[in-house]
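Reading through the structure tokens given below for one structure.
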There are 2 protein chains.
Amino acid sequence: MKRITIKDIAKTLGYSIGTVSKALADSHEISEVTKVEIQKFADENGYQYNQYAKLLRTGKTNIIGMIVPKIGNSFFSQILEGIEEKMSKTVYNLIIMQSYDDPVRELNLLETLFKKGADAIIIAPTGNCISLDYLRKLKKDGIPVVLIDRINYAISTHKIGIDNFRAVYQGISHLISMGCMDILFISSMAKGVVEERRRGYLQCLNDSGIQINYENLLSIDVEKNGENSREELIKYFAQRIQENTLPDAIFTASDQLTYQVLEVLHALNIEVPKIIALLGFANFTFSNLFSPPLSCIVQPSKEMGSKAFALIEEILDKPDRQESSSFEDIKLPVKMEIRRSTN
Amino acid sequence: MKRITIKDIAKTLGYSIGTVSKALADSHEISEVTKVEIQKFADENGYQYNQYAKLLRTGKTNIIGMIVPKIGNSFFSQILEGIEEKMSKTVYNLIIMQSYDDPVRELNLLETLFKKGADAIIIAPTGNCISLDYLRKLKKDGIPVVLIDRINYAISTHKIGIDNFRAVYQGISHLISMGCMDILFISSMAKGVVEERRRGYLQCLNDSGIQINYENLLSIDVEKNGENSREELIKYFAQRIQENTLPDAIFTASDQLTYQVLEVLHALNIEVPKIIALLGFANFTFSNLFSPPLSCIVQPSKEMGSKAFALIEEILDKPDRQESSSFEDIKLPVKMEIRRSTN
DNA sequence: ATTTAATATGCAATCGATTGTGTAAAGAAC
DNA sequence: GTTCTTTACACAATCGATTGCATATTAAAT
């Protein structure tokens with residue numbers, strides 16, 4: 001059951017290889033009758049062009065490279081799900097890589113993607129300067145780059161994310177409306193998105209006339225495997241218990257942090273929401289099963305994925321594209337799910 | 001910054017294209033001096049062979065196709081994570097596809113993978129006969145197939161999974177040791193793995209001298225989006241409440257079922273573990289955050305992924321491979337995490 | 001009837017590698 | 001010194017497509 005090639009068709013039907021190729025490409029150079037004959041024959045015999053031969057000639061690999069921090073993270077796996085759903089029927093192929101939030105590794109992966117000839121790149125970047133530089137270079141080489149989730153305005157390219165300022169603003173508003181006054185904001189190291197989220201936090205406090213306590217801005221380094229950050233959190237809360245300065249609410253600015261903080265609060269027997277209310281970003285499907293059921297800000301992850309692919313498909317399918325100067329900056333709406341952890 | 005080709009090297013160094021190719025392949029036909037010269041030059045100028053030109057000649061695509069029910073499912077995304085971790089530095093590329101547990105779609109995807117020229121396939125199969133037939137055909141065509149998670153003995157090929165019988169047996173033992181006598185076993189439609197898990201359940205009851213009640217074997221069709229199965233579960237438990245025949249424990253034979261059953265029990269105000277103890281397969285990292293903290297059987301998902309890739313790499317890298325008649329059947333150990341839901 | 005233009009097809013180079021065959025030059029054997 | 005091997009390289013076909021150019025046939029224009 002070998003695959004049939006253009007050559008086979010040519011031989012059987014008595015045309016030249018070039019004619020068959022053009023007929024299948026629906027070229028105007030070929031007569032209607034011949035085109036129909038050839039196309040019909042190709043169809044009936046299950047002809048499938050060899051994409052590798054084609055790309056060798058055309059230079060298009062149809063490969064879309066994707067770099068995320070960690071696939072196992074529900075949020076990113078849902079994005080992936082959205083991409084795959086749209087992509088599986090197209091000619092495009094996805095190569096997925098994990099940066100583990102390590103800038104060096106990220107740069108490495110980008111180089112690998114370049115070597116593999118990726119036609120486009122989707123990335124949730126660490127925000128590291130060198131990687132951003134490399135992304136700019138790729139753009140100049142004509143490779144479209146789409147930033148997903150971690151949008152970064154230091155680079156002008158397509159972006160798909162949420163309105164982080166607004167999402168956090170709404171979240172903090174909610175906490176305030178539940179009577180919280182001393183809200184701890186926990187995020188990873190500040191760059192790009194985190195910065196925006198932090199602004200949402202500060203602005204909301206301001207607008208609500210709450211005195212800002214800069215001690216309430218906590219940065220946790222989650223770059224590694226999670227063990228360090230857990231210890232750091234434990235130490236931090238132990239200290240605040242000792243000082244008797246526990247906040248009355250916590251807002252966590254990423255999925256991993258949300259889970260980890262909840263776990264640490266459990267470990268330290270700090271009751272949620274009785275002692276501390278908890279609200280944060282979280283994309284796990286069953287947040288309602290948590291103890292307590294978790295209030296969270298859910299991002300439209302799957303949609304982000306499908307939008308990212310749709311955008312790339314549109315760009316790549318355009319006949320003679322050139323580095324455009326206009327870039328999409330799509331912001332999708334988030335969903336705030338209120339449950340017991342903030343009640 | 002164009003990529004340098006074998007032709008460029010040949011021209012610059014004054015050798016023929018063929019010589020350069022052979023030198024880079026470390027052929028014995030080329031003198032040591034020349035080889036060193038060419039290899040050094042290639043290294044210094046960052047030569048990277050064009051894998052598409054190569055595969056056009058050799059027929060190897062270096063593409064590994066993977067089909068899982070759903071990427072967003074933690075279990076499968078962790079498998080993916082394990083694969084990517086090993087693969088990112090190799091020449092291989094992964095194409096991921098989702099079957100949504102739909103046999104028709106699965107067959108379709110397999111055909112697509114074949115068209116794309118996948119060199120090997122990793123799959124968590126639905127178990128459908130037609131797909132299995134197709135897998136057999138692929139095997140005959142020389143494409144190695146590795147079954148992951150959903151191992152199925154109806155097809156003789158490589159398999160990576162767990163000892164399902166034993167895992168469930170241990171789980172049920174635990175429930176019995178906690179004093180449960182009336183254990184409901186919930187699974188998806190029985191085939192392959194599910195059958196084995198069910199055997200573990202039955203055998204354990206038998207060995208413990210507990211009378212088997214076949215009413216306690218519940219099959220839920222989880223093929224669709226999850227809405228149907230939730231309704232089905234709600235109806236089922238409502239009925240058993242009415243009949244006053246609630247079991248004292250439940251064993252759920254898949255991740256999704258575990259979460260969904262827990263959710264349904266919450267919705268119906270059936271206290272866990274007070275009224276019903278719950279134990280099941282679950283691979284979410286934060287099962288301890290659930291209400292109540294969830295006892296579960298954790299599969300070594302990441303390891304399954306890395307093992308699967310290692311196996312495939314070994315097979316594909318073997319010089320002249322032919323359809324071997326000996327197949328790996330790897331069973332990795334599971335971890336049982338006991339928490340409050342069974343206490 | 002001759003020239004011109006349009007149409008339909010064949011031809012051949014090309015993409016970047018691999019690989020079998022051919023062939024000088026050097027060394028070994030007699 | 002002639003013949004036979006080796007050794008080290010060049011040459012060219014090939015994988016399966018795409019595409020510009022050449023060309024034969026027919027139709028249109030004069």
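Each chain in the structure tokens gets a letter, A, B, ..., in the order shown, and its residues are numbered from 1; ligands are numbered from 1 in order too.
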**OP:** Select all residues from chain C having any atom no more than 8 Å from an atom of chain B (counting only C-alpha atoms (C1' of nucleotides), ignoring ligands), output as a PyMOL selection string.
**Re:** chain C and resi 15-18
Export N, CA and C atoms (P, O5', C5', C4', C3', O3' and C1' of nucleotides) of the chosen residues as a compact mmCIF listing (two decimals), in the first residue's frame?
```
# COMPACT_ATOMS: atom_id res chain seq x y z
P DC C 15 18.69 25.61 -5.98
O5' DC C 15 17.90 25.18 -4.67
C5' DC C 15 16.63 25.74 -4.34
C4' DC C 15 15.92 24.81 -3.39
C3' DC C 15 16.87 24.04 -2.48
O3' DC C 15 16.95 24.71 -1.23
C1' DC C 15 15.14 22.62 -3.40
P DG C 16 18.44 24.94 -0.62
O5' DG C 16 18.81 23.51 -0.05
C5' DG C 16 18.10 23.03 1.07
C4' DG C 16 18.52 21.61 1.35
C3' DG C 16 20.03 21.42 1.54
O3' DG C 16 20.21 20.60 2.68
C1' DG C 16 19.21 19.90 -0.05
P DA C 17 21.60 20.47 3.37
O5' DA C 17 22.13 19.13 2.67
C5' DA C 17 22.27 17.96 3.43
C4' DA C 17 21.28 16.89 2.95
C3' DA C 17 21.91 15.52 2.72
O3' DA C 17 21.79 14.77 3.92
C1' DA C 17 20.41 16.13 0.93
P DT C 18 22.78 13.56 4.14
O5' DT C 18 22.34 12.49 3.05
C5' DT C 18 21.09 11.84 3.22
C4' DT C 18 20.97 10.73 2.19
C3' DT C 18 22.06 9.65 2.29
O3' DT C 18 21.39 8.41 2.12
C1' DT C 18 22.03 10.54 0.10
```
Original post:
Got a sec: who's within 6 Å of stretch 144-157 of chain A, counting only C-alpha atoms (C1' of nucleotides), leaving out chain neighbours fewer than 2 positions off, as a list in words?
Top reply: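 Listing them by chain and then by number gives Ala120, Ile121, Ile122, Ile123, Ala124, Lys139, Lys159, Ile160, Gly161, Gly192, Val193 and Phe327 of chain A.
In this model, the gap between atom CA of A:Gln170 and atom CA of B:Phe284 comes to 28.4 Å.
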**OP:** Select all residues from chain B having any atom no more than 7 Å from an atom of chain D (counting only C-alpha atoms (C1' of nucleotides), ignoring ligands), output as a list in words.
**Re:** Ser16, Thr19, Glu29, Ile30, Ser31, Leu56 and Arg57 of chain B
**OP:** Residues of chain A no more than 6 Å from chain B, counting only C-alpha atoms: send them over as a PyMOL selection string.
**Re:** chain A and resi 52+71-72+77-78+81+289-291
Limited to N, CA and C atoms, could you put the picked residues into a file as a compact mmCIF listing (two decimals), in the first residue's frame?
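Result file out-v3.txt:
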```txt
# COMPACT_ATOMS: atom_id res chain seq x y z
N TYR A 52 6.80 17.08 2.30
CA TYR A 52 8.22 17.36 2.49
C TYR A 52 8.90 17.71 1.18
N ILE A 71 3.86 21.97 30.10
CA ILE A 71 2.66 21.42 29.48
C ILE A 71 1.69 20.91 30.53
N GLY A 72 2.22 20.30 31.59
CA GLY A 72 1.38 19.69 32.61
C GLY A 72 0.50 20.67 33.36
N SER A 77 -2.11 23.36 29.13
CA SER A 77 -2.59 22.18 28.40
C SER A 77 -3.95 22.48 27.77
N GLN A 78 -4.70 23.38 28.41
CA GLN A 78 -5.98 23.76 27.81
C GLN A 78 -5.77 24.62 26.56
N GLU A 81 -4.99 22.32 23.92
CA GLU A 81 -6.19 21.64 23.49
C GLU A 81 -6.91 22.47 22.43
N LEU A 289 -14.29 21.70 43.71
CA LEU A 289 -14.11 20.54 44.59
C LEU A 289 -13.10 20.81 45.69
N PHE A 290 -12.45 21.96 45.62
CA PHE A 290 -11.42 22.26 46.59
C PHE A 290 -12.01 22.51 47.96
N SER A 291 -11.12 22.52 48.93
CA SER A 291 -11.53 22.80 50.29
C SER A 291 -10.87 24.10 50.73
```
**OP:** Once DSSP has gone over the backbone, tell me which residues of stretch 108-315 of chain B are in helix (DSSP H, G or I), as a PyMOL selection string.
**Re:** chain B and resi 108-115+129-140+164-177+193-207+214-216+227-242+255-267+287-289+301-315
Keeping C-alpha atoms for every residue in the selection just given, could you write it to a file as a short mmCIF file (atom, residue, chain, number, x, y, z; two decimals), in the first residue's frame?
```cif
data_model
loop_
_atom_site.label_atom_id
_atom_site.label_comp_id
_atom_site.auth_asym_id
_atom_site.auth_seq_id
_atom_site.Cartn_x
_atom_site.Cartn_y
_atom_site.Cartn_z
CA ASN B 108 -9.31 9.51 10.95
CA LEU B 109 -6.39 10.82 12.93
CA LEU B 110 -4.47 7.62 12.38
CA GLU B 111 -4.94 8.02 8.65
CA THR B 112 -3.77 11.61 8.88
CA LEU B 113 -0.70 10.53 10.78
CA PHE B 114 -0.01 7.96 8.12
CA LYS B 115 -0.34 10.60 5.42
CA CYS B 129 -11.72 -2.83 16.48
CA ILE B 130 -11.37 -0.85 13.29
CA SER B 131 -8.71 1.36 14.79
CA LEU B 132 -6.89 -1.68 16.10
CA ASP B 133 -6.99 -3.14 12.62
CA TYR B 134 -5.49 0.03 11.26
CA LEU B 135 -2.79 -0.06 13.91
CA ARG B 136 -1.94 -3.59 12.85
CA LYS B 137 -1.64 -2.44 9.27
CA LEU B 138 0.68 0.37 10.34
CA LYS B 139 2.79 -2.14 12.21
CA LYS B 140 3.03 -4.28 9.10
CA ASN B 164 -4.26 -2.33 36.55
CA PHE B 165 -5.41 -5.48 38.20
CA ARG B 166 -3.00 -5.03 41.06
CA ALA B 167 -3.58 -1.29 41.45
CA VAL B 168 -7.29 -1.75 41.85
CA TYR B 169 -6.84 -4.80 44.02
CA GLN B 170 -4.73 -2.74 46.38
CA GLY B 171 -7.21 0.09 46.30
CA ILE B 172 -10.14 -2.14 47.13
CA SER B 173 -8.08 -3.82 49.85
CA HIS B 174 -7.54 -0.45 51.38
CA LEU B 175 -11.25 0.35 51.30
CA ILE B 176 -12.04 -2.98 52.91
CA SER B 177 -9.41 -2.40 55.56
CA VAL B 193 -7.93 -1.74 30.85
CA VAL B 194 -11.34 -1.31 32.40
CA GLU B 195 -11.90 -5.02 32.21
CA GLU B 196 -8.66 -5.61 34.11
CA ARG B 197 -9.54 -3.07 36.72
CA ARG B 198 -12.86 -4.70 37.18
CA ARG B 199 -11.19 -8.05 37.63
CA GLY B 200 -9.04 -6.54 40.36
CA TYR B 201 -12.16 -5.36 42.08
CA LEU B 202 -13.95 -8.68 41.84
CA GLN B 203 -10.94 -10.74 42.82
CA CYS B 204 -10.25 -8.60 45.86
CA LEU B 205 -13.82 -8.89 47.07
CA ASN B 206 -13.64 -12.60 46.51
CA ASP B 207 -10.36 -12.99 48.35
CA TYR B 214 -23.23 -7.14 40.57
CA GLU B 215 -25.43 -4.10 41.01
CA ASN B 216 -22.27 -2.48 42.29
CA GLU B 227 -22.55 16.77 30.71
CA ASN B 228 -24.32 13.51 30.03
CA SER B 229 -22.25 11.54 32.45
CA ARG B 230 -22.88 14.04 35.23
CA GLU B 231 -26.61 13.77 34.71
CA GLU B 232 -26.39 10.03 34.60
CA LEU B 233 -24.50 9.99 37.89
CA ILE B 234 -26.92 12.35 39.55
CA LYS B 235 -29.85 10.22 38.47
CA TYR B 236 -28.12 7.07 39.62
CA PHE B 237 -27.33 8.32 43.10
CA ALA B 238 -30.71 9.97 43.53
CA GLN B 239 -32.25 6.60 42.84
CA ARG B 240 -30.03 4.83 45.34
CA ILE B 241 -30.78 7.43 47.96
CA GLN B 242 -34.46 6.86 47.39
CA ASP B 255 -9.45 10.45 36.61
CA GLN B 256 -12.43 12.16 35.08
CA LEU B 257 -14.83 9.86 36.87
CA THR B 258 -13.14 10.50 40.18
CA TYR B 259 -13.57 14.24 39.91
CA GLN B 260 -17.02 13.99 38.55
CA VAL B 261 -18.24 11.57 41.18
CA LEU B 262 -16.82 13.74 43.92
CA GLU B 263 -18.57 16.71 42.43
CA VAL B 264 -21.87 14.84 42.19
CA LEU B 265 -21.59 13.62 45.78
CA HIS B 266 -21.10 17.23 46.84
CA ALA B 267 -24.05 18.34 44.78
CA SER B 287 -5.45 16.23 45.20
CA ASN B 288 -4.70 17.06 48.81
CA LEU B 289 -6.51 20.36 48.36
CA SER B 301 2.36 9.67 34.06
CA LYS B 302 5.50 11.62 33.30
CA GLU B 303 7.57 8.51 33.50
CA MET B 304 5.18 6.71 31.20
CA GLY B 305 5.79 9.46 28.67
CA SER B 306 9.53 9.43 28.93
CA LYS B 307 9.63 5.63 28.78
CA ALA B 308 7.45 5.65 25.70
CA PHE B 309 9.75 8.04 23.94
CA ALA B 310 12.88 6.22 25.06
CA LEU B 311 11.46 3.01 23.67
CA ILE B 312 10.60 4.57 20.34
CA GLU B 313 13.95 6.25 20.07
CA GLU B 314 15.66 2.95 20.66
CA ILE B 315 13.62 1.25 17.98
#
```
**OP:** as JSON, numbers by chain, please: all residues of stretch 121-300 of chain A that backbone DSSP puts in strand (DSSP E).
**Re:** {"A": [121, 122, 123, 145, 146, 147, 148, 158, 159, 160, 161, 162, 183, 184, 185, 186, 187, 217, 218, 219, 249, 250, 251, 252, 277, 278, 279, 280, 281, 295, 296, 297, 298]}
Could you save the residues just selected, with C-alpha atoms, as a PDB file, in the first residue's frame?
```
ATOM      1  CA  ILE A 121       5.869  30.694  16.661  1.00  0.00           C
ATOM      2  CA  ILE A 122       3.436  30.816  19.532  1.00  0.00           C
ATOM      3  CA  ILE A 123       5.029  31.573  22.842  1.00  0.00           C
ATOM      4  CA  VAL A 145       5.364  35.513  16.381  1.00  0.00           C
ATOM      5  CA  VAL A 146       2.302  35.327  18.578  1.00  0.00           C
ATOM      6  CA  LEU A 147       2.600  36.028  22.264  1.00  0.00           C
ATOM      7  CA  ILE A 148       0.078  34.153  24.309  1.00  0.00           C
ATOM      8  CA  HIS A 158       0.677  39.738  17.772  1.00  0.00           C
ATOM      9  CA  LYS A 159      -0.663  39.221  21.252  1.00  0.00           C
ATOM     10  CA  ILE A 160      -3.424  37.122  22.685  1.00  0.00           C
ATOM     11  CA  GLY A 161      -4.287  37.419  26.324  1.00  0.00           C
ATOM     12  CA  ILE A 162      -6.657  38.959  28.756  1.00  0.00           C
ATOM     13  CA  ILE A 183      -5.149  42.168  50.976  1.00  0.00           C
ATOM     14  CA  LEU A 184      -1.907  40.380  50.257  1.00  0.00           C
ATOM     15  CA  PHE A 185      -0.959  40.264  46.600  1.00  0.00           C
ATOM     16  CA  ILE A 186       1.292  37.340  45.686  1.00  0.00           C
ATOM     17  CA  SER A 187       2.891  37.124  42.305  1.00  0.00           C
ATOM     18  CA  LEU A 217       3.201  42.945  47.654  1.00  0.00           C
ATOM     19  CA  LEU A 218       4.906  39.578  47.788  1.00  0.00           C
ATOM     20  CA  SER A 219       7.048  38.211  44.990  1.00  0.00           C
ATOM     21  CA  ALA A 249      -7.307  38.150  52.107  1.00  0.00           C
ATOM     22  CA  ILE A 250      -4.885  36.957  49.494  1.00  0.00           C
ATOM     23  CA  PHE A 251      -4.919  37.461  45.791  1.00  0.00           C
ATOM     24  CA  THR A 252      -2.674  35.063  43.879  1.00  0.00           C
ATOM     25  CA  ALA A 277     -10.051  34.771  52.067  1.00  0.00           C
ATOM     26  CA  LEU A 278      -8.390  33.495  48.911  1.00  0.00           C
ATOM     27  CA  LEU A 279      -8.944  34.520  45.344  1.00  0.00           C
ATOM     28  CA  GLY A 280      -6.642  33.947  42.424  1.00  0.00           C
ATOM     29  CA  PHE A 281      -6.122  32.883  38.890  1.00  0.00           C
ATOM     30  CA  SER A 295     -13.129  31.388  44.073  1.00  0.00           C
ATOM     31  CA  CYS A 296     -11.078  32.043  41.013  1.00  0.00           C
ATOM     32  CA  ILE A 297     -10.482  33.971  37.882  1.00  0.00           C
ATOM     33  CA  VAL A 298     -10.717  31.640  34.958  1.00  0.00           C
TER      34      VAL A 298
END
```
Subject >> Atomic distance atom CA of A:Ile38 - atom CA of B:Arg105, expressed in Å with one decimal >> reply: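 Calculated distance between atom CA of A:Ile38 and atom CA of B:Arg105 is 29.3 Å.
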**OP:** Would you mind reading off the distance between atom CA of A:Thr342 and atom CA of A:Pro247, one decimal, in Å?
**Re:**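 These two atoms are separated by 13.2 Å.
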